[in-house]
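In what follows, a single structure is set out as structure tokens and then discussed.
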Amino acid sequence: MLLHVTSFLDRLLVGVRAGSQWFARAGGVLILLTVVLVTIEVASRMIVGRSAVHATELTGYIMAISASWSFAYTLMNKAHIRIDALYLNFPMKVRGMLDLVALLSLAMFSILVVNAVFDVLSDSYSGGSTANTPLSTPLWIPQSLWLVGFVWFSFALGVMSLRAFLGLINGEADKVQELAGTPTLDEQIEEESQGARS
Amino acid sequence: MILTALLILMVLLLLSVPVAATLIALALLLAELFSPFPLINAMGDVLWSASDKYLLIAIPLFILLGEILVRTGIARGTYRSLESWMSWLPGGLLHANIGTATLFSATSGSSVATAATIGTVALPQGKEMGYDPKLFTGSIAAGGTLGIMIPPSINLIVYGFLTETSIPQLFAAGLIPGLVLALLFIVGTALICIWKPALGGPSVSHSWKDRISGLGHLVPVLTLFGIVVGSIYAGVATPTEAASLGVLGALVIAAFMKKLSVGIITEALDGTMKTTGMIMLIIIASYFLNFVLASSGVTRELTAFLENAGLGPYSTLMLAILLYIVLGFFIETLSLMVITIPIVAPILIGLGFDQVWLGILIILLIEMALITPPVGLNLYVVQGVRKGGPFSDVMKGAMPYVGMMFIMAILLVLFPEVATFLPELLK
Amino acid sequence: QDLDSTSFNYVGSWSSLSLYQNFEKPFWENHLSEASDGRLTAEATTFDQMGLGGGEVYRLMARDVIEITSTVADYAVEDAPELEGLDMPMIAPDVDTARKVANAFRPVLADAFRQRFDGAQLLAIAPYPSQMVFCNAEIAGLSDLKGMKVRASGRTTAEFLQALGAEGITLNFSEVPGALQRGVIDCAVTGSLSGYSSGWHEVSTHLYPLPVGGWDHVVTAMNGKKWNSLSEQTQNWLMTEVRENYETPVWESAVGETKEGIACLTGNGDCSRGEAGDMVLVKATENDFTNAARHLEETLLPNWAERVDQKWVDRWNETVGEVTGLNASK
Ligand code: NA
Ligand code: NA
């Protein structure tokens with residue numbers, strides 16, 4: 001039974017990983033879009049003396065959205081910063097538990113944010129809030145795209161936490177390390193195995 | 001209350017709870033303990049305000065600019081060329097790190113972006129040549145901080161905005177102190193490596209032929225400098241817009257050198273998003289922490305502390321410097337600026353200090369905060385690029401540079417002209 | 001008197017500006033407790049010190065996070081377009097008219113706050129110095145703005161500039177001085193004194209001294225639950241104190257500050273705040289006022305009327321319309 005669940009989670013994780021990559025890339029494309037918008041803005045200001053695209057306002061939204069779309073990808077790359085000075089001195093089992101705590105703490109953060117952002121979004125939508133700018137952008141549009149990033153981040157964290165938890169009770173310490181350990185350890189393991197080979 | 005906060009922070013960080021989650025957990029705990037109001041109800045609004053920020057876009061843009069330079073080999077070329085000019089100094093490649101950082105700082109307004117760029121090109125070299133990782137990573141983290149002192153600089157824009165100081169004046173004021181600091185880094189590094197050669201690497205002498213022929217590799221970066229800074233001073237673009245033009249410029253230069261492909265752009269975007277995710281999660285978390293601190297009275301305590309101390313101008317200045325150093329250990333730099341500048345700047349300006357000069361001094365202290373543990377974004381970025389080895393290496397390696405920055409702070413206080421000379425000239 | 005004994009948390013407007021330093025902070029932190037013999041106290045901070053943008057504070061007040069708050073009403077029109085009725089470009093050329101407009105609109109605004117922000121109580125309406133036009137280009141009147149690149153914040157100001165034929169440029173406020181100096185933009189709008197303290201006179205040459213950007217009123221309101229928890233006597237006492245010792249002094253100083261701002265920027269008159277600039281003061285003509293009124297009636301008021309329910313338009317006509325002689329309709 002447990003085996004079914006873990007192998008299902010492993011397959012799911014492959015999908016989550018791919019999804020996170022695509023979210024990040026989409027966010028990256030938005031950053032490139034900023035470059036295009038600003039270039040048009042600067043050029044139109046020089047040539048015809050007017051703001052063509054209101055880059056300032058749109059850029060703010062792009063910043064919010066592309067950031068939230070990148071969080072899951074950063075997670076998959078183990079790049080959310082953890083201070084591992086003490087961690088590295090603990091036995092494998094304790095480290096696994098700390099890894100799970102790390103995942104759960106991020107999950108708590110992300111789920112709280114989803115909850116809070118959902119409130120903001122529903123207020124913006126029901127109150128018909130529009131930006132106080134010439135564009136009068138209805139705020140629910142950028143805010144819901146922003147929310148999507150946090151929802152995906154929470155989902156990714158949920159799947160990872162569950163897998164790490166099952167790994168811990170199954171005694172798959174290597175698996176937990178591979179999934180959620182700090183990158184320092186990966187490097188050390190890689191070097192040791194290289195050393196063993198050569 | 002401040003002590004409670006620090007204690008909780010230390011414990012969570014040492015348990016390797018992710019920094020962003022630590023900051024949020026701390027914020028929630030402080031809100032629960034010290035505020036009668038349901039501050040958590042403000043989370044969505046505060047995070048949206050923190051995220052929907054036009055000025056922040058310069059961070060991913062400058063990181064992307066760096067990524068493009070790295071992936072197309074332009075950054076490596078620059079590094080090699082500077083290495084041929086500088087690595088005869090005691091410490092070898094360490095000087096190339098600082099030199100390249102100084103040069104890139106002139107095209108980048110963000111310290112983390114600068115550190116990430118230098119780190120990506122320099123770290124493999126250092127590893128290959130067997131450098132002791134401590135000073136090597138430390139010099140990259142510290143060199144990267146020059147990104148916000150040498151114009152363009154996002155943090156100087158933020159200071160200008162918070163204190164109503166002319167941004168062109170601030171940019172002019174940052175240039176000489178930035179170069180002096182770079183010089184201090186070089187001299188300091190050389191002295192350390194004379195004292196303990198093992199911390200550096202071999203001094204390598206290159207022939208003049210090598211040096212001269214390598215100068216061609218500086219052309220792309222100097223062109224970019226022309227685009228970014230030129231567009232600002234020619235009245236074409238604002239500093240934030242210049243970041244976008246810089247990315248466009250890097251793409252065009254790379255295409256011109258036939259080094260651009262879809263694969264490279266994709267890699268550059270992936271790299272950018274990974275670092276952006278890491279930085280932004282910490283930044284938005286620390287905005288919420290800042291909100292809680294301000295709501296529950298820490299800000300007020302600080303103001304009262306500074307105002308009621310009843311000290312003369314220089315003693316108050318010393319107190320403010322101390323405050324930045326201590327808070328700089330724990331608070332991420334953009335939020336550190338937002339929380340302290342509205343309090344500290346009016347008091348010090350009221351005591352007669354020049355506000356352009358003060359901006360430069362504060363930026364220097366912010367640079368220091370970027371490389372002091374436990375919360376130091378540049379340390380994290382270098383560790384992130386490095387993908388291995390204990391974090392404590394970077395931490396220890398950055399320490400001597402903190403000392404050099406402190407010397408710089410003393411120089412700035414003793415000789416304010418270092419900062420005020422150029423803006424006065426421009427008036 | 002028999003006042004309740006309670007304390008408030010107060011979130012004020014921009015910490016660097018005179019309104020907060022000289023009026024909000026002294027009133028809430030000192031005066032309130034002195035006048036009430038320590039029964040009512042408040043602790044003050046500002047939205048910028050909290051890392052907020054200023055537009056969200058009323059919403060946070062409605063969510064019980066903040067008890068009393070002041071912000072520029074124009075920042076919050078995202079949530080409540082009714083607030084725009086308080087202040088339109090050039091609708092009140094001088095402080096006296098602006099005050100008449102604000103007083104006329106007060107009951108309407110109070111209802112808008114109650115409805116939009118969960119029963120919030122309106123406490124005060126105070127002006128920033130008149131929002132004038134700074135140009136780094138020669139202008140002789142309002143009509144010369146035609147074709148110029150002008151940076152303005154806020155929807156109504158942007159609409160007004162557009163009606164004048166100016167090109168509205170959207171730029172971050174912090175980047176304005178540099179942009180003016182290097183000709184990225186020709187003109188920008190801000191308050192007279194804040195323009196002076198930010199050194200805008202060093203990067204621009206001509207000053208058009210009428211409120212093209214309106215007055216940027218800073219509106220103070222209290223959380224509805226908190227308000228209802230106070231006794232009627234305390235409510236009345238507080239309203240009187242706020243009016244007499246905060247609102248009225250701000251309005252009175254606005255006359256002087258607007259004047260001194262102009263003196264400091266142009267060098268005509270006394271400037272006690274430092275070295276005066278030498279900007280050219282542009283004289284407003286009768287024509288400017290007729291044109292402004294025409295744009296308001298033809299463009300701005302109809303646009304605003306589209307954003308709010310008819311009942312707010314009617315109430316605007318009964319109040320501000322009466323004072324100014326303008327008429328809003330969809
Ligand atoms: Na820079
Ligand atoms: Na630090």
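Chain lettering (A, B, ...) mirrors the order of the structure tokens, residue numbering begins at 1 for each chain separately, and ligand numbering begins at 1 in order of display.
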I need the contact residues of chain A against chain C, so if you could list those with any atom within 10 Å, counting only C-alpha atoms, and return them as JSON, numbers by chain, that would help. {"A": [41, 42, 45, 46, 48, 49, 50, 51, 52, 53, 54, 55, 56, 57, 120, 123, 124, 127, 128, 129, 130, 131, 132, 133, 134, 135, 136, 137, 138, 139]}
Output the neighbourhood of ligand 2 as a ChimeraX atom specification, that is, all protein and nucleic acid residues with some atom at most 9 Å from the ligand, counting only C-alpha atoms and all ligand atoms. /B:325-333,366-379
Produce a file of the selected residues containing N, CA, C and O atoms, as a PDB file, in the first residue's frame.
```
ATOM      1  N   ILE B 325      24.884  48.571  11.747  1.00  0.00           N
ATOM      2  CA  ILE B 325      25.702  47.365  11.766  1.00  0.00           C
ATOM      3  C   ILE B 325      24.937  46.242  12.466  1.00  0.00           C
ATOM      4  O   ILE B 325      24.845  45.120  11.969  1.00  0.00           O
ATOM      5  N   VAL B 326      24.316  46.560  13.590  1.00  0.00           N
ATOM      6  CA  VAL B 326      23.612  45.527  14.358  1.00  0.00           C
ATOM      7  C   VAL B 326      22.360  45.044  13.604  1.00  0.00           C
ATOM      8  O   VAL B 326      22.163  43.854  13.399  1.00  0.00           O
ATOM      9  N   LEU B 327      21.516  45.990  13.171  1.00  0.00           N
ATOM     10  CA  LEU B 327      20.322  45.583  12.439  1.00  0.00           C
ATOM     11  C   LEU B 327      20.705  44.874  11.145  1.00  0.00           C
ATOM     12  O   LEU B 327      20.013  43.974  10.681  1.00  0.00           O
ATOM     13  N   GLY B 328      21.838  45.312  10.567  1.00  0.00           N
ATOM     14  CA  GLY B 328      22.292  44.741   9.304  1.00  0.00           C
ATOM     15  C   GLY B 328      22.627  43.259   9.406  1.00  0.00           C
ATOM     16  O   GLY B 328      22.607  42.547   8.414  1.00  0.00           O
ATOM     17  N   PHE B 329      22.924  42.786  10.590  1.00  0.00           N
ATOM     18  CA  PHE B 329      23.140  41.342  10.748  1.00  0.00           C
ATOM     19  C   PHE B 329      21.877  40.590  10.369  1.00  0.00           C
ATOM     20  O   PHE B 329      21.924  39.528   9.767  1.00  0.00           O
ATOM     21  N   PHE B 330      20.726  41.146  10.754  1.00  0.00           N
ATOM     22  CA  PHE B 330      19.505  40.338  10.743  1.00  0.00           C
ATOM     23  C   PHE B 330      18.469  40.725   9.705  1.00  0.00           C
ATOM     24  O   PHE B 330      17.576  39.957   9.407  1.00  0.00           O
ATOM     25  N   ILE B 331      18.535  41.954   9.198  1.00  0.00           N
ATOM     26  CA  ILE B 331      17.431  42.402   8.351  1.00  0.00           C
ATOM     27  C   ILE B 331      17.902  42.528   6.909  1.00  0.00           C
ATOM     28  O   ILE B 331      18.985  43.041   6.649  1.00  0.00           O
ATOM     29  N   GLU B 332      17.102  42.056   6.008  1.00  0.00           N
ATOM     30  CA  GLU B 332      17.410  42.144   4.574  1.00  0.00           C
ATOM     31  C   GLU B 332      17.503  43.619   4.201  1.00  0.00           C
ATOM     32  O   GLU B 332      16.814  44.470   4.768  1.00  0.00           O
ATOM     33  N   THR B 333      18.364  43.941   3.217  1.00  0.00           N
ATOM     34  CA  THR B 333      18.766  45.331   3.058  1.00  0.00           C
ATOM     35  C   THR B 333      17.691  46.302   2.568  1.00  0.00           C
ATOM     36  O   THR B 333      17.618  47.419   3.061  1.00  0.00           O
ATOM     37  N   ILE B 366      24.778  49.620   4.219  1.00  0.00           N
ATOM     38  CA  ILE B 366      23.915  48.614   3.598  1.00  0.00           C
ATOM     39  C   ILE B 366      24.775  47.560   2.891  1.00  0.00           C
ATOM     40  O   ILE B 366      24.500  46.361   2.953  1.00  0.00           O
ATOM     41  N   GLU B 367      25.843  48.006   2.242  1.00  0.00           N
ATOM     42  CA  GLU B 367      26.772  47.060   1.615  1.00  0.00           C
ATOM     43  C   GLU B 367      27.319  46.102   2.662  1.00  0.00           C
ATOM     44  O   GLU B 367      27.464  44.908   2.430  1.00  0.00           O
ATOM     45  N   MET B 368      27.630  46.651   3.821  1.00  0.00           N
ATOM     46  CA  MET B 368      28.143  45.832   4.907  1.00  0.00           C
ATOM     47  C   MET B 368      27.095  44.793   5.311  1.00  0.00           C
ATOM     48  O   MET B 368      27.398  43.616   5.491  1.00  0.00           O
ATOM     49  N   ALA B 369      25.840  45.242   5.426  1.00  0.00           N
ATOM     50  CA  ALA B 369      24.769  44.331   5.830  1.00  0.00           C
ATOM     51  C   ALA B 369      24.597  43.196   4.822  1.00  0.00           C
ATOM     52  O   ALA B 369      24.192  42.093   5.176  1.00  0.00           O
ATOM     53  N   LEU B 370      24.931  43.461   3.565  1.00  0.00           N
ATOM     54  CA  LEU B 370      24.789  42.434   2.536  1.00  0.00           C
ATOM     55  C   LEU B 370      25.744  41.274   2.747  1.00  0.00           C
ATOM     56  O   LEU B 370      25.527  40.184   2.226  1.00  0.00           O
ATOM     57  N   ILE B 371      26.833  41.496   3.488  1.00  0.00           N
ATOM     58  CA  ILE B 371      27.796  40.404   3.672  1.00  0.00           C
ATOM     59  C   ILE B 371      28.010  40.043   5.145  1.00  0.00           C
ATOM     60  O   ILE B 371      28.969  39.353   5.469  1.00  0.00           O
ATOM     61  N   THR B 372      27.133  40.538   6.032  1.00  0.00           N
ATOM     62  CA  THR B 372      27.260  40.064   7.411  1.00  0.00           C
ATOM     63  C   THR B 372      26.246  38.962   7.682  1.00  0.00           C
ATOM     64  O   THR B 372      25.088  39.089   7.309  1.00  0.00           O
ATOM     65  N   PRO B 373      26.671  37.867   8.313  1.00  0.00           N
ATOM     66  CA  PRO B 373      25.756  36.799   8.665  1.00  0.00           C
ATOM     67  C   PRO B 373      24.898  37.190   9.875  1.00  0.00           C
ATOM     68  O   PRO B 373      25.275  38.145  10.560  1.00  0.00           O
ATOM     69  N   PRO B 374      23.815  36.548  10.171  1.00  0.00           N
ATOM     70  CA  PRO B 374      23.289  35.399   9.427  1.00  0.00           C
ATOM     71  C   PRO B 374      22.459  35.777   8.198  1.00  0.00           C
ATOM     72  O   PRO B 374      22.324  34.947   7.312  1.00  0.00           O
ATOM     73  N   VAL B 375      21.882  36.983   8.149  1.00  0.00           N
ATOM     74  CA  VAL B 375      21.091  37.338   6.984  1.00  0.00           C
ATOM     75  C   VAL B 375      21.902  38.272   6.090  1.00  0.00           C
ATOM     76  O   VAL B 375      22.027  39.455   6.385  1.00  0.00           O
ATOM     77  N   GLY B 376      22.481  37.747   5.035  1.00  0.00           N
ATOM     78  CA  GLY B 376      23.260  38.571   4.117  1.00  0.00           C
ATOM     79  C   GLY B 376      23.053  38.060   2.704  1.00  0.00           C
ATOM     80  O   GLY B 376      23.583  37.023   2.321  1.00  0.00           O
ATOM     81  N   LEU B 377      22.268  38.814   1.922  1.00  0.00           N
ATOM     82  CA  LEU B 377      21.866  38.312   0.604  1.00  0.00           C
ATOM     83  C   LEU B 377      23.051  37.939  -0.282  1.00  0.00           C
ATOM     84  O   LEU B 377      23.015  36.943  -0.984  1.00  0.00           O
ATOM     85  N   ASN B 378      24.113  38.747  -0.247  1.00  0.00           N
ATOM     86  CA  ASN B 378      25.239  38.436  -1.120  1.00  0.00           C
ATOM     87  C   ASN B 378      25.931  37.132  -0.727  1.00  0.00           C
ATOM     88  O   ASN B 378      26.395  36.393  -1.577  1.00  0.00           O
ATOM     89  N   LEU B 379      25.977  36.871   0.575  1.00  0.00           N
ATOM     90  CA  LEU B 379      26.550  35.595   1.026  1.00  0.00           C
ATOM     91  C   LEU B 379      25.722  34.440   0.465  1.00  0.00           C
ATOM     92  O   LEU B 379      26.249  33.449  -0.035  1.00  0.00           O
TER      93      LEU B 379
END
```
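Nearest residue to chain C among B:Thr100, B:Thr189, B:Ser35, B:Thr4 is B:Ser35, counting only C-alpha atoms.
Atom pair CA of Arg95 (chain A) / CA of Ala21 (chain B): separated by 17.6 Å.
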Which residues of chain B are close to chain C, meaning at most 6 Å apart when you count only C-alpha atoms, and how do they look as number ranges by chain? B: 37-39, 161, 164-165, 168, 235-236, 291, 294, 339
For the selection you just gave me, I'd like the residues written to a file as an mmCIF file, in the first residue's frame, keeping C-alpha atoms.
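Result written to part_1.cif:
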```cif
data_model
loop_
_atom_site.group_PDB
_atom_site.id
_atom_site.type_symbol
_atom_site.label_atom_id
_atom_site.label_comp_id
_atom_site.auth_asym_id
_atom_site.auth_seq_id
_atom_site.Cartn_x
_atom_site.Cartn_y
_atom_site.Cartn_z
ATOM 1 C CA PHE B 37 -4.259 43.904 16.513
ATOM 2 C CA PRO B 38 -4.847 40.996 14.122
ATOM 3 C CA LEU B 39 -1.851 41.935 12.004
ATOM 4 C CA PHE B 161 13.014 58.655 -2.831
ATOM 5 C CA GLU B 164 13.798 63.574 -1.202
ATOM 6 C CA THR B 165 17.399 63.816 -2.334
ATOM 7 C CA PRO B 168 21.674 62.463 -10.135
ATOM 8 C CA GLY B 235 18.208 61.925 -20.780
ATOM 9 C CA VAL B 236 16.860 58.961 -22.704
ATOM 10 C CA PHE B 291 5.288 45.785 8.807
ATOM 11 C CA ALA B 294 6.562 49.003 12.704
ATOM 12 C CA ILE B 339 12.434 50.792 8.133
#
```
